[in-house]
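Peer 1: Contents of entry_22.tsv (TSV, C-alpha atoms) are given next:
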chain	number	residue	atom	x	y	z
A	169	MET	CA	-6.88	-14.59	-5.50
A	170	ALA	CA	-7.27	-18.08	-4.03
A	171	ASP	CA	-10.31	-19.67	-2.42
A	172	SER	CA	-8.42	-20.41	0.79
A	173	ARG	CA	-4.97	-20.49	2.37
A	174	ASP	CA	-4.55	-24.13	1.37
A	175	ALA	CA	-5.98	-23.82	-2.17
A	176	ALA	CA	-3.70	-24.90	-5.01
A	177	ASP	CA	-5.16	-22.62	-7.67
A	178	VAL	CA	-5.07	-18.86	-8.21
A	179	TYR	CA	-7.60	-16.93	-10.28
A	180	TRP	CA	-8.01	-13.36	-11.51
A	181	VAL	CA	-10.86	-11.16	-10.33
A	182	GLU	CA	-11.99	-7.94	-12.02
A	183	PRO	CA	-14.60	-6.03	-9.98
A	184	ARG	CA	-17.35	-4.41	-12.03
A	185	ARG	CA	-17.01	-1.37	-9.78
A	186	ARG	CA	-13.54	-0.65	-8.46
A	187	ALA	CA	-12.69	0.83	-5.09
A	188	ILE	CA	-9.98	3.49	-5.14
A	189	LEU	CA	-8.79	5.86	-2.45
A	190	PRO	CA	-8.18	9.31	-3.96
A	191	ILE	CA	-4.72	10.33	-2.79
A	192	ASP	CA	-5.95	13.87	-2.09
A	193	GLY	CA	-9.17	12.59	-0.51
A	194	PHE	CA	-8.08	10.72	2.61
A	195	HIS	CA	-10.51	11.26	5.50
A	196	LEU	CA	-8.33	12.03	8.52
A	197	SER	CA	-10.50	11.98	11.63
A	198	ARG	CA	-9.55	14.00	14.68
A	199	SER	CA	-8.96	10.84	16.71
A	200	LEU	CA	-6.74	9.25	14.05
A	201	ARG	CA	-4.81	12.49	13.68
A	202	LYS	CA	-4.00	12.39	17.39
A	203	VAL	CA	-2.79	8.79	17.18
A	204	ILE	CA	-0.53	9.56	14.22
A	205	VAL	CA	0.94	12.79	15.61
A	206	ALA	CA	1.63	11.08	18.93
A	207	ASP	CA	3.64	8.39	17.07
A	208	ARG	CA	1.63	5.73	18.86
A	209	PHE	CA	3.20	3.20	16.51
A	210	ARG	CA	6.65	3.09	14.99
A	211	VAL	CA	5.96	3.00	11.26
A	212	THR	CA	8.44	1.59	8.75
A	213	ALA	CA	8.48	0.65	5.08
A	214	ASP	CA	9.91	-2.53	3.56
A	215	ARG	CA	11.49	-3.55	6.85
A	216	ALA	CA	9.44	-6.75	7.28
A	217	PHE	CA	7.76	-7.51	3.96
A	218	GLU	CA	7.68	-11.29	4.38
A	219	ARG	CA	6.33	-10.98	7.93
A	220	ILE	CA	3.57	-8.62	6.81
A	221	ILE	CA	2.36	-10.86	4.01
A	222	ALA	CA	2.48	-13.86	6.36
A	223	LEU	CA	0.47	-11.91	8.95
A	224	CYS	CA	-2.08	-10.89	6.31
A	225	ALA	CA	-2.42	-14.57	5.34
A	226	GLN	CA	-3.13	-15.71	8.90
A	227	ALA	CA	-6.67	-16.48	10.02
A	228	ALA	CA	-8.11	-14.22	12.73
A	229	ASP	CA	-11.38	-13.89	14.64
A	230	ASP	CA	-12.62	-11.22	12.22
A	231	ARG	CA	-11.24	-13.06	9.17
A	232	PRO	CA	-11.43	-16.85	9.63
A	233	GLU	CA	-10.45	-17.53	6.01
A	234	THR	CA	-7.87	-15.91	3.74
A	235	TRP	CA	-7.43	-15.63	-0.03
A	236	ILE	CA	-3.62	-15.52	0.19
A	237	ASN	CA	-2.23	-18.96	-0.60
A	238	ALA	CA	1.38	-20.10	-0.85
A	239	ALA	CA	1.64	-19.31	-4.58
A	240	ILE	CA	0.51	-15.70	-4.06
A	241	GLU	CA	2.81	-15.29	-1.07
A	242	GLN	CA	5.82	-16.62	-3.00
A	243	ALA	CA	5.04	-14.44	-6.04
A	244	PHE	CA	4.90	-11.27	-3.95
A	245	VAL	CA	8.08	-12.11	-2.08
A	246	ARG	CA	9.76	-12.34	-5.51
A	247	LEU	CA	8.15	-9.04	-6.62
A	248	HIS	CA	9.46	-7.45	-3.44
A	249	ALA	CA	12.96	-8.70	-4.24
A	250	LEU	CA	12.63	-7.02	-7.64
A	251	GLY	CA	11.71	-3.71	-6.00
A	252	LEU	CA	8.09	-3.75	-7.20
A	253	ALA	CA	6.15	-4.86	-4.11
A	254	HIS	CA	6.29	-2.87	-0.88
A	255	SER	CA	5.02	-3.01	2.68
A	256	VAL	CA	4.21	-0.58	5.46
A	257	GLU	CA	4.64	-1.91	8.99
A	258	CYS	CA	3.33	-0.71	12.36
A	259	TRP	CA	5.26	-1.71	15.46
A	260	ASP	CA	4.45	-1.53	19.15
A	261	GLY	CA	7.90	-1.81	20.64
A	262	ASP	CA	9.40	-4.87	18.96
A	263	ALA	CA	6.00	-6.40	18.16
A	264	LEU	CA	4.64	-6.19	14.62
A	265	VAL	CA	1.00	-5.23	15.17
A	266	GLY	CA	-0.25	-4.23	11.73
A	267	GLY	CA	0.49	-3.06	8.25
A	268	LEU	CA	-0.20	-3.63	4.58
A	269	TYR	CA	1.46	-4.63	1.33
A	270	GLY	CA	0.92	-4.00	-2.35
A	271	LEU	CA	2.41	-3.58	-5.80
A	272	ALA	CA	3.82	-0.34	-7.26
A	273	MET	CA	3.88	0.21	-11.02
A	274	GLY	CA	4.35	3.55	-12.68
A	275	ARG	CA	2.41	6.04	-10.58
A	276	ALA	CA	-0.09	3.42	-9.39
A	277	PHE	CA	-0.09	1.46	-6.14
A	278	PHE	CA	-2.25	-1.64	-5.96
A	279	GLY	CA	-3.12	-2.37	-2.34
A	280	GLU	CA	-3.34	-6.12	-1.79
A	281	SER	CA	-4.11	-6.66	1.88
A	282	MET	CA	-3.89	-5.00	5.27
A	283	VAL	CA	-3.85	-6.39	8.77
A	284	SER	CA	-4.30	-5.11	12.31
A	285	ARG	CA	-3.45	-6.76	15.59
A	286	ALA	CA	-3.85	-3.57	17.65
A	287	PRO	CA	-6.49	-0.81	17.62
A	288	ASN	CA	-5.85	1.76	14.84
A	289	ALA	CA	-2.80	-0.07	13.46
A	290	SER	CA	-4.26	-0.64	9.99
A	291	LYS	CA	-5.63	2.91	9.87
A	292	VAL	CA	-2.20	4.33	10.69
A	293	ALA	CA	-0.65	2.07	8.06
A	294	ILE	CA	-2.96	3.19	5.27
A	295	ALA	CA	-2.72	6.85	6.32
A	296	THR	CA	1.06	6.59	6.14
A	297	LEU	CA	0.78	4.84	2.77
A	298	VAL	CA	-1.33	7.69	1.36
A	299	ALA	CA	1.17	10.27	2.64
A	300	ARG	CA	4.00	8.21	1.14
A	301	LEU	CA	2.24	8.00	-2.23
A	302	LYS	CA	1.53	11.72	-2.19
A	303	ALA	CA	5.17	12.51	-1.45
A	304	GLY	CA	6.23	10.17	-4.26
A	305	SER	CA	3.93	11.66	-6.95
A	306	PHE	CA	1.67	8.62	-7.28
A	307	THR	CA	-1.75	9.27	-8.85
A	308	LEU	CA	-3.72	6.07	-8.19
A	309	LEU	CA	-4.30	3.97	-5.08
A	310	ASP	CA	-6.27	0.89	-6.12
A	311	CYS	CA	-8.13	-0.75	-3.22
A	312	GLN	CA	-9.95	-3.29	-5.43
A	313	PHE	CA	-13.06	-3.99	-3.33
A	314	MET	CA	-14.99	-1.53	-1.17
A	315	THR	CA	-15.38	-2.18	2.56
A	316	ASP	CA	-16.93	-0.08	5.33
A	317	HIS	CA	-13.42	0.39	6.74
A	318	LEU	CA	-12.09	1.79	3.45
A	319	ALA	CA	-15.19	3.95	2.92
A	320	SER	CA	-14.65	5.57	6.32
A	321	LEU	CA	-11.16	6.57	5.16
A	322	GLY	CA	-12.35	8.18	1.92
A	323	ALA	CA	-12.43	5.32	-0.59
A	324	VAL	CA	-14.95	5.57	-3.42
A	325	GLU	CA	-16.24	3.20	-6.09
A	326	ILE	CA	-15.87	4.00	-9.78
A	327	ASP	CA	-16.97	2.20	-12.93
A	328	ARG	CA	-14.63	0.24	-15.16
A	329	SER	CA	-14.24	2.92	-17.84
A	330	ARG	CA	-13.23	5.55	-15.31
A	331	TYR	CA	-10.85	3.13	-13.61
A	332	MET	CA	-9.19	2.15	-16.89
A	333	ALA	CA	-8.63	5.82	-17.74
A	334	LEU	CA	-6.97	6.47	-14.37
A	335	LEU	CA	-4.96	3.27	-14.67
A	336	GLY	CA	-3.76	4.10	-18.18
A	337	ASP	CA	-2.57	7.50	-17.05
A	338	ALA	CA	-0.78	6.06	-14.00
A	339	LEU	CA	0.90	3.28	-15.96
A	340	SER	CA	2.04	5.55	-18.77
A	341	ALA	CA	5.06	6.27	-16.57
A	342	THR	CA	6.28	2.67	-16.56
A	343	GLY	CA	7.89	2.68	-19.98
A	344	SER	CA	9.66	-0.62	-20.48
A	345	SER	CA	10.44	-1.22	-16.80
A	346	ALA	CA	7.92	-4.06	-16.47
A	347	GLY	CA	10.27	-6.30	-18.42
A	348	ALA	CA	13.38	-5.52	-16.39
A	349	ALA	CA	15.30	-8.55	-15.21
A	350	SER	CA	16.83	-7.31	-11.96
A	351	SER	CA	16.05	-5.03	-9.04
A	352	ALA	CA	18.66	-2.51	-10.17
A	353	SER	CA	17.35	-2.36	-13.72
A	354	VAL	CA	13.75	-2.07	-12.50
A	355	GLU	CA	14.64	0.89	-10.32
A	356	ALA	CA	16.72	2.56	-13.03
A	357	ALA	CA	14.06	2.13	-15.71
A	358	SER	CA	11.31	3.34	-13.39
A	359	ALA	CA	13.26	6.43	-12.44
A	360	ALA	CA	13.97	7.20	-16.08
A	361	ALA	CA	10.29	6.81	-16.96
A	362	GLY	CA	9.13	9.18	-14.22
A	363	ALA	CA	7.45	6.52	-12.08
A	364	GLY	CA	6.35	7.21	-8.52
A	365	ASP	CA	9.00	7.17	-5.80
A	366	PHE	CA	7.86	4.97	-2.91
A	367	PHE	CA	10.68	6.28	-0.70
A	368	ALA	CA	10.33	10.01	-1.33
A	369	LEU	CA	8.93	10.38	2.20
A	370	GLU	CA	12.35	9.56	3.65
A	371	GLY	CA	13.81	12.41	1.60
A	372	LEU	CA	11.31	14.85	3.08
A	373	ALA	CA	12.13	13.64	6.59
A	374	GLY	CA	15.79	14.57	6.17
A	375	ALA	CA	19.02	12.63	6.07
A	376	GLY	CA	18.99	9.75	8.53
A	377	ALA	CA	15.65	10.72	10.07
A	378	ALA	CA	12.61	8.46	10.16
A	379	PRO	CA	9.39	10.04	8.83
A	380	SER	CA	7.37	11.28	11.79
A	381	GLY	CA	3.65	11.19	12.41
A	382	LYS	CA	3.64	14.98	12.24
A	383	LEU	CA	5.05	14.87	8.70
A	384	THR	CA	2.42	12.29	7.71
A	385	VAL	CA	-0.40	14.52	8.99
A	386	GLN	CA	1.07	17.57	7.22
A	387	LEU	CA	1.08	15.70	3.90
A	388	LEU	CA	-2.45	14.41	4.40
A	389	ALA	CA	-3.70	17.92	5.09
A	390	GLN	CA	-2.30	19.20	1.78
A	391	THR	CA	-4.58	19.24	-1.26
A	392	SER	CA	-3.52	19.68	-4.86
Re-express the file's structure as C-alpha cells.
Peer 2:
Amino acid sequence: MADSRDAADVYWVEPRRRAILPIDGFHLSRSLRKVIVADRFRVTADRAFERIIALCAQAADDRPETWINAAIEQAFVRLHALGLAHSVECWDGDALVGGLYGLAMGRAFFGESMVSRAPNASKVAIATLVARLKAGSFTLLDCQFMTDHLASLGAVEIDRSRYMALLGDALSATGSSAGAASSASVEAASAAAGAGDFFALEGLAGAGAAPSGKLTVQLLAQTS
C-alpha cells in the first residue's frame, strides 16, 4: 500500500485479522438478485484492466484519498500482462461505471480494490467475481480488510493461523508457475499445476456467448 496517490513509497501490510469472503457463502439479497438477473449492467472480465485500476485510484466524495500510487498501478499493469492480475468491469452502455481488480495465484484470488460510479455496480462486480471463482475451482477470496460493505455480502474475519492454512492450501496448486517469465509460460504452468481457471465462466456460458446474470445467480445459489 501507499499513504497517498502521490506517495513515492510502498509498504506491506499484514492485518492481524484477515477478511475473506467464503466462495460458498456469498449473501445474495433479493434486490441484488433482481439487478443481476435483469442484466442491469454489462459485465466483462479483463476488457479494461488499466481503466479499472485508474478508476480505483481516483479520489471520490466517499474516498477522498487513495492508497494506489503510480508504483502499485504500474506493477499491477505488468502482472496483468503476465496473466496474473485480472479485472471485472461493469458497464452502463459505453460508460465504465464500476468494477474491481486483483491477483490470482493457484486457487486464491486476492482482491485489491473495487469501485462504483453507479448504484449497485460494485456489488454486481463482486457477485460476478464470486461466481467466476466458483466456476474456476478457486478456494480462497482474500478481501484483506473488513468493511461494512463486504460484511453485508458475506465476508468474515479470521485469525492469522486460519488464514495461513487456507492460503497454503490454495497456493499448493501454483507449483513453479510463480517464476515463469512470460504470459504463455505462466498460463501453461498454472494449468499443469491445477490452478484456478479465471475464465471457466465463459466455458459454462457456451461458445461465443457472454456469461449472463442468470448464470451468475445460478452459480451463487449452488453450495458445495
Peer 1: To one decimal place, how far is CA of Leu334 (chain A) from CA of Val385 (chain A) in Å?
Peer 2: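 These atoms are spaced 25.6 Å apart.
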Peer 1: Val211 (chain A): which residues within 8 Å, counting only C-alpha atoms, same-chain residues fewer than 5 positions away excluded, as a PyMOL selection string?
Peer 2: chain A and resi 256-259+293+296
Peer 1: Save the residues we just selected, C-alpha atoms, as a compact mmCIF listing (two decimals), in the coordinates of the input?
Peer 2:
# COMPACT_ATOMS: atom_id res chain seq x y z
CA VAL A 256 4.21 -0.58 5.46
CA GLU A 257 4.64 -1.91 8.99
CA CYS A 258 3.33 -0.71 12.36
CA TRP A 259 5.26 -1.71 15.46
CA ALA A 293 -0.65 2.07 8.06
CA THR A 296 1.06 6.59 6.14
Peer 1: What does the structure give for the distance between CA of His248 (chain A) and CA of Gly336 (chain A), in Å to one decimal?
Peer 2: 22.9 Å
Peer 1: Provide the CA of Asp262 (chain A) to CA of Arg210 (chain A) distance in Å, to one decimal place.
Peer 2: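 Between CA of Asp262 (chain A) and CA of Arg210 (chain A) the gap works out to 9.3 Å.
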Peer 1: Excluding same-chain residues fewer than 5 positions from Phe244 (chain A), what lies within 12 Å of it counting only C-alpha atoms, as a PyMOL selection string?
Peer 2: chain A and resi 217-222+236-239+249-255+269-272+280-281
Peer 1: Which of these, A:Ala276, A:Arg300, A:Gly362, A:Ala206, has the shortest distance to Tyr331 (chain A) once you count all atoms listed in the file?
Peer 2: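 Ranked by minimum distance to Tyr331 (chain A), first place goes to A:Ala276.
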